[in-house]
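Trainee: Attaching a single structure in structure tokens format; questions to follow.
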Amino acid sequence: MSKGKVDALLGIVFGDEGKGKVVDVFTPKYDIVARFAGGPNAGHTIIFEGKKFVLRSIPSGIFAEDKINIIGNGCVVAPDLFMAEAKELEDAGYELRSRLHISKRAHLILPTHRVLDRAYEAAKGKNKVGTTGKGIGPTYSEKASRTGLRIGDILENFDAKYAALKTRHEEILRNLNYTDYDITEEERLWMEGVEYLRTFPLTDTEIEINRALREGKSVLAEGAQGTMLDIDHGTYPFVSSSNTVSGGVCTGLGVAPNKIGEVFGIFKAYSTRVGSGPFPVELFDETGDKIRQIGNEYGAVTGRNRRCGWVDLVALRYAITINGVTQLIMMKSDVLDTFKTIKVCVAYEKDGVKTTDMPFDTEGWQAVYKELPGWQTDLTEMTSEAQFPQAFKDYIAYLERALEVPITILSVGPDRAQTIIR
Ligand code: GDP
Ligand code: IMO
Ligand code: MG
């Protein structure tokens, strides 16, 4: 934790690395936890004291009752989904309004953005991105084309602004010949969500965060998605639509680059990807099935199978560079507990050409592996590094040497308590 700075905790592969769990573990050390990008396409799981929550738009710092949580200007918010998520927390006894501040500059996801998301995917046919269907792409596109609506817009003359944008969307949908949809009920809930949002502090979070930093307070920026899904640096066009990398923290919260402190890069002891797009380490065999089964690799938002494979050093090295990662966090090591051997992708190969640099087009590349011995020991009850079997220590040391960044935290189970800080 750095006083007067924003530390960032970022997924550095294809998302679902366990960001929610670690943000929850880190929160006691920080004053503010803030989301800077993405929206309800995220699904961040937090498990403690026999309870499980999956957060989409609300930061994972919300369970520590004395901390401020911020949904920053770089985020996109769907009022109906926000309401459902927030009410679940309220029902569980968490008071939100004094602690959850939402940027007036964050963009609104309209019901018709979600229809557009489906329409654009349908039009792409076999090249579809496999989006979460939450309207993320259309909302960020409209932000860039300067036609979107922001949270602050709900405070004044909203009905007219909403109607105008909805009409525009209907026109686009007609032009796409995509007219078989009915959002009547969805829109009713959405409008209820807008009323509900009005009861929250809708603020200039950029000013609030910078004031807190001047007072020496500490901020944790919670990433969503992962570097390989970043709109600029991911496997375009099979990506999400925001900047998920550390640069996105600056634009998505309104903080200057010199205010960034530690950059925690979080990854799993293996790889997963949900949705379409190149994934050189993907395993189509029973090893892949075994990882999926033991790791429970089914999407937290859509329930889809996550594609599974071995850890990818090409992607990790690239992400470490792009983000300026200062510390690594390795999750779900326990999932590999029963494997006799473990592989690591050290390079990509295509047409006899090998590379360790992330290629422009990751399509068609094969992974080149190095094999390491498995530890074949149950890690889930371990509470300190001293208890680790030698083969697991060797796996950690190998990755640290290859990545040139220390792995300072290891997670050996989904519970808050199953976290080992080295
Ligand atoms: P996020 O999107 O990065 O917050 O990650 P998700 O919540 O989508 O996916 C991570 C999944 O792994 C969740 O179901 C977590 O409960 C679970 N999880 C997190 N850490 C561990 C771990 O160390 N071991 C195991 N077995 N599961 C974990
Ligand atoms: P968290 O924060 C994993 C993927 C989708 C799809 C692509 C684009 O839980 O790690 P979108 O709906 O954003 O337009 O979909 O990005 N995707 C994620 N994959 N974890 C996520 O979030 C994701 N958010 C989006 O599956 O391939
Ligand atoms: Mg997730």
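All residue names refer to the structure tokens as shown: chains lettered A, B, ... in order, residues numbered from 1 in each chain, ligands numbered from 1 in order.
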May I ask you to write as a list in words all residues lying at most 9 Å from ligand 3, with only C-alpha atoms and all ligand atoms counted?

Mentor: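 Those within range of ligand 3 are Gly15, Asp16, Glu17, Gly18, Lys19, Gly20, Asn41, Ala42, Gly43, His44, Thr45, Val54, Leu55, Arg56, Ala224, Gln225, Gly299, Ala300 and Val301 of chain A.
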
Trainee: For the residues selected in the previous step, produce a file with C-alpha atoms as a short mmCIF file (atom, residue, chain, number, x, y, z; two decimals), in the first residue's frame.

Mentor:
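Here's the written file part.cif:
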data_model
loop_
_atom_site.label_atom_id
_atom_site.label_comp_id
_atom_site.auth_asym_id
_atom_site.auth_seq_id
_atom_site.Cartn_x
_atom_site.Cartn_y
_atom_site.Cartn_z
CA GLY A 15 -10.00 -11.96 -17.03
CA ASP A 16 -11.43 -14.10 -14.22
CA GLU A 17 -8.04 -14.32 -12.55
CA GLY A 18 -9.47 -13.79 -9.07
CA LYS A 19 -9.37 -9.99 -8.86
CA GLY A 20 -12.46 -9.79 -6.64
CA ASN A 41 -19.51 -7.69 -18.15
CA ALA A 42 -17.31 -8.26 -15.09
CA GLY A 43 -18.10 -10.92 -12.52
CA HIS A 44 -15.92 -10.71 -9.42
CA THR A 45 -16.39 -13.49 -6.86
CA VAL A 54 -20.54 -12.07 -7.35
CA LEU A 55 -20.07 -8.35 -8.02
CA ARG A 56 -20.41 -6.80 -11.46
CA ALA A 224 -11.93 -5.54 -14.70
CA GLN A 225 -11.36 -8.01 -17.54
CA GLY A 299 -18.29 -17.97 -16.44
CA ALA A 300 -19.53 -16.02 -13.38
CA VAL A 301 -21.66 -13.76 -15.63
#

Trainee: Output as a Markdown table one row per residue of chain A within 7 Å of ligand 2: the closest atom pair and its distance in Å to one decimal place, counting only C-alpha atoms and all ligand atoms, sorted by chain and residue number ascending.

Mentor:
| residue | atom | partner | partner_atom_place_in_ligand_line | distance |
| --- | --- | --- | --- | --- |
| A:Gly11 | CA | ligand 2 | 10 (O) | 6.8 |
| A:Phe14 | CA | ligand 2 | 3 (C) | 5.7 |
| A:Gly15 | CA | ligand 2 | 10 (O) | 3.3 |
| A:Asp16 | CA | ligand 2 | 10 (O) | 3.7 |
| A:Glu17 | CA | ligand 2 | 10 (O) | 6.4 |
| A:Asn41 | CA | ligand 2 | 24 (N) | 4.5 |
| A:Ala42 | CA | ligand 2 | 2 (O) | 3.6 |
| A:Gly43 | CA | ligand 2 | 9 (O) | 3.8 |
| A:His44 | CA | ligand 2 | 9 (O) | 5.2 |
| A:Val129 | CA | ligand 2 | 27 (O) | 5.6 |
| A:Gly130 | CA | ligand 2 | 6 (C) | 4.9 |
| A:Thr131 | CA | ligand 2 | 15 (O) | 3.4 |
| A:Thr132 | CA | ligand 2 | 12 (O) | 3.6 |
| A:Gly133 | CA | ligand 2 | 12 (O) | 5.4 |
| A:Lys134 | CA | ligand 2 | 12 (O) | 5.6 |
| A:Gly135 | CA | ligand 2 | 12 (O) | 6.7 |
| A:Ile136 | CA | ligand 2 | 14 (O) | 4.9 |
| A:Gly137 | CA | ligand 2 | 14 (O) | 5.1 |
| A:Gly223 | CA | ligand 2 | 2 (O) | 6.9 |
| A:Ala224 | CA | ligand 2 | 2 (O) | 3.6 |
| A:Gln225 | CA | ligand 2 | 10 (O) | 3.6 |
| A:Gly226 | CA | ligand 2 | 10 (O) | 6.1 |
| A:Leu229 | CA | ligand 2 | 16 (O) | 5.8 |
| A:Phe238 | CA | ligand 2 | 27 (O) | 6.1 |
| A:Val239 | CA | ligand 2 | 7 (C) | 4.8 |
| A:Ser240 | CA | ligand 2 | 8 (C) | 3.9 |
| A:Ser241 | CA | ligand 2 | 14 (O) | 6.1 |
| A:Arg273 | CA | ligand 2 | 19 (N) | 6.5 |
| A:Val274 | CA | ligand 2 | 26 (O) | 4.6 |
| A:Gly275 | CA | ligand 2 | 27 (O) | 3.5 |
| A:Ser276 | CA | ligand 2 | 27 (O) | 5.5 |

Trainee: Pick out the residues sitting within 8 Å of Arg422 of chain A, and hand them over as a PDB file with N, CA, C and O atoms, in the first residue's frame; count only C-alpha atoms, and ignore anything fewer than 3 positions along from it in its own chain.

Mentor:
ATOM      1  N   SER A 384       1.369 -21.010   5.125  1.00  0.00           N
ATOM      2  CA  SER A 384       2.620 -20.260   4.940  1.00  0.00           C
ATOM      3  C   SER A 384       3.480 -20.932   3.883  1.00  0.00           C
ATOM      4  O   SER A 384       3.334 -22.138   3.608  1.00  0.00           O
ATOM      5  N   GLU A 385       4.382 -20.135   3.348  1.00  0.00           N
ATOM      6  CA  GLU A 385       5.268 -20.606   2.285  1.00  0.00           C
ATOM      7  C   GLU A 385       6.123 -21.786   2.734  1.00  0.00           C
ATOM      8  O   GLU A 385       6.446 -22.680   1.932  1.00  0.00           O
ATOM      9  N   THR A 408       4.395 -12.196  -5.073  1.00  0.00           N
ATOM     10  CA  THR A 408       4.381 -11.874  -3.638  1.00  0.00           C
ATOM     11  C   THR A 408       3.177 -12.453  -2.911  1.00  0.00           C
ATOM     12  O   THR A 408       3.161 -12.501  -1.692  1.00  0.00           O
ATOM     13  N   ILE A 409       2.151 -12.851  -3.678  1.00  0.00           N
ATOM     14  CA  ILE A 409       0.951 -13.416  -3.049  1.00  0.00           C
ATOM     15  C   ILE A 409       0.534 -14.665  -3.805  1.00  0.00           C
ATOM     16  O   ILE A 409       0.551 -14.694  -5.040  1.00  0.00           O
ATOM     17  N   LEU A 410       0.153 -15.691  -3.048  1.00  0.00           N
ATOM     18  CA  LEU A 410      -0.306 -16.946  -3.647  1.00  0.00           C
ATOM     19  C   LEU A 410      -1.661 -17.292  -3.064  1.00  0.00           C
ATOM     20  O   LEU A 410      -1.873 -17.187  -1.865  1.00  0.00           O
TER      21      LEU A 410
END

Trainee: Find the residues around Lys340 of chain A up to 8 Å (only C-alpha atoms counted), leave out those fewer than 2 positions away in its own chain, and share them as a list in words.

Mentor: Thr338, Ile342, Pro373, Gly374, Trp375 and Gln376 of chain A

Trainee: Atoms to include: N, CA, C and O atoms. Write the selected residues as a PDB file, in the first residue's frame.

Mentor:
ATOM      1  N   THR A 338      -3.248 -32.128  -8.347  1.00  0.00           N
ATOM      2  CA  THR A 338      -3.192 -33.574  -8.653  1.00  0.00           C
ATOM      3  C   THR A 338      -2.444 -33.886  -9.951  1.00  0.00           C
ATOM      4  O   THR A 338      -2.391 -35.042 -10.360  1.00  0.00           O
ATOM      5  N   ILE A 342       3.349 -30.448 -15.183  1.00  0.00           N
ATOM      6  CA  ILE A 342       2.720 -29.154 -15.480  1.00  0.00           C
ATOM      7  C   ILE A 342       3.490 -28.529 -16.628  1.00  0.00           C
ATOM      8  O   ILE A 342       4.728 -28.572 -16.643  1.00  0.00           O
ATOM      9  N   PRO A 373       7.809 -30.760 -13.207  1.00  0.00           N
ATOM     10  CA  PRO A 373       7.128 -31.760 -12.370  1.00  0.00           C
ATOM     11  C   PRO A 373       6.008 -31.134 -11.538  1.00  0.00           C
ATOM     12  O   PRO A 373       6.154 -30.001 -11.050  1.00  0.00           O
ATOM     13  N   GLY A 374       4.891 -31.840 -11.382  1.00  0.00           N
ATOM     14  CA  GLY A 374       3.810 -31.359 -10.515  1.00  0.00           C
ATOM     15  C   GLY A 374       4.163 -31.604  -9.059  1.00  0.00           C
ATOM     16  O   GLY A 374       5.079 -32.367  -8.771  1.00  0.00           O
ATOM     17  N   TRP A 375       3.422 -30.974  -8.132  1.00  0.00           N
ATOM     18  CA  TRP A 375       3.748 -31.131  -6.707  1.00  0.00           C
ATOM     19  C   TRP A 375       2.914 -32.243  -6.041  1.00  0.00           C
ATOM     20  O   TRP A 375       3.275 -32.763  -5.024  1.00  0.00           O
ATOM     21  N   GLN A 376       1.805 -32.595  -6.672  1.00  0.00           N
ATOM     22  CA  GLN A 376       0.959 -33.695  -6.200  1.00  0.00           C
ATOM     23  C   GLN A 376       0.739 -33.683  -4.680  1.00  0.00           C
ATOM     24  O   GLN A 376       0.885 -34.697  -3.997  1.00  0.00           O
TER      25      GLN A 376
END

Trainee: For ligand 1, which residue out of A:Asn177, A:Thr302, A:Gln327, A:Thr139 is the nearest one, using only C-alpha atoms and all ligand atoms?

Mentor: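 When distances to ligand 1 are compared using only C-alpha atoms and all ligand atoms, the smallest one comes from A:Thr302.
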
Trainee: If you count only C-alpha atoms, which residues fall within 12 Å of Ile322 of chain A, apart from same-chain ones fewer than 5 positions away, as a PyMOL selection string?

Mentor: chain A and resi 10+12-13+226-228+230+232-234+243-248+263+265+315-317+358

Trainee: Please list as JSON, numbers by chain every residue within 8 Å of segment 249-252 of chain A, counting only C-alpha atoms and excluding residues in the same chain fewer than 2 positions away.

Mentor: {"A": [8, 36, 37, 72, 73, 74, 75, 221, 244, 245, 246, 247, 254, 255, 256, 257]}

Trainee: Between atom CA of Asn69 of chain A and atom CA of Pro201 of chain A, what is the distance in Å, rounded to a tenth?

Mentor: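 Going from atom CA of Asn69 of chain A over to atom CA of Pro201 of chain A, I get 11.2 Å.
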
Trainee: I need the residue nearest ligand 1 from this list: A:Asp351, A:Asp334, A:Glu371, A:Glu262. Use only C-alpha atoms and all ligand atoms for the distance.

Mentor: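 Under the stated criterion, the closest residue is A:Asp334.
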
Trainee: Can you pull out the residues contacting Ile183 of chain A? Cut-off 9 Å, using only C-alpha atoms, and skip same-chain residues under 5 positions away; I want them as a ChimeraX atom specification.

Mentor: /A:111-112,115,188

Trainee: Selection from above, C-alpha atoms, as a compact mmCIF listing (two decimals), in the first residue's frame, can you write it?

Mentor:
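File out.txt, as written:
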# COMPACT_ATOMS: atom_id res chain seq x y z
CA PRO A 111 -31.62 -1.47 -22.83
CA THR A 112 -31.23 -0.75 -26.55
CA VAL A 115 -30.13 -5.17 -28.17
CA ARG A 188 -39.60 -0.62 -16.96

Trainee: From the set A:Asn175, A:Thr147, A:Ser103, A:Thr321, which residue has the shortest atom-to-atom contact distance to Tyr162 of chain A, counting only C-alpha atoms?

Mentor: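 That would be A:Thr147, the residue with the smallest distance to Tyr162 of chain A.
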
Trainee: Pick from A:Val368, A:Ala417, A:Ile329, A:Ile58: nearest to Ala78 of chain A, with only C-alpha atoms counted?

Mentor: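 The answer is A:Ile58, which sits nearest to Ala78 of chain A.
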
Trainee: Going by DSSP on the backbone, which bits of segment 181-415 of chain A are alpha helix (DSSP H)? Write them as a PyMOL selection string, please.

Mentor: chain A and resi 184-197+205-214+246-253+286-295+313-323+390-403

Trainee: Closest to Pro237 of chain A among A:Ala269, A:Asn127, A:Val219, A:Gly4, using only C-alpha atoms?

Mentor: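 For Pro237 of chain A, the nearest of the given residues is A:Asn127.
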
Trainee: Which of these residues is nearest to Ala106 of chain A, using only C-alpha atoms: A:Thr377, A:Thr341, A:Thr203, A:Gln390?

Mentor: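 So, comparing all the options, the nearest one is A:Thr203.
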
Trainee: In Å, how far is it from atom CA of Arg307 of chain A to atom CA of Phe26 of chain A?

Mentor: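 These two atoms are separated by 28.5 Å.
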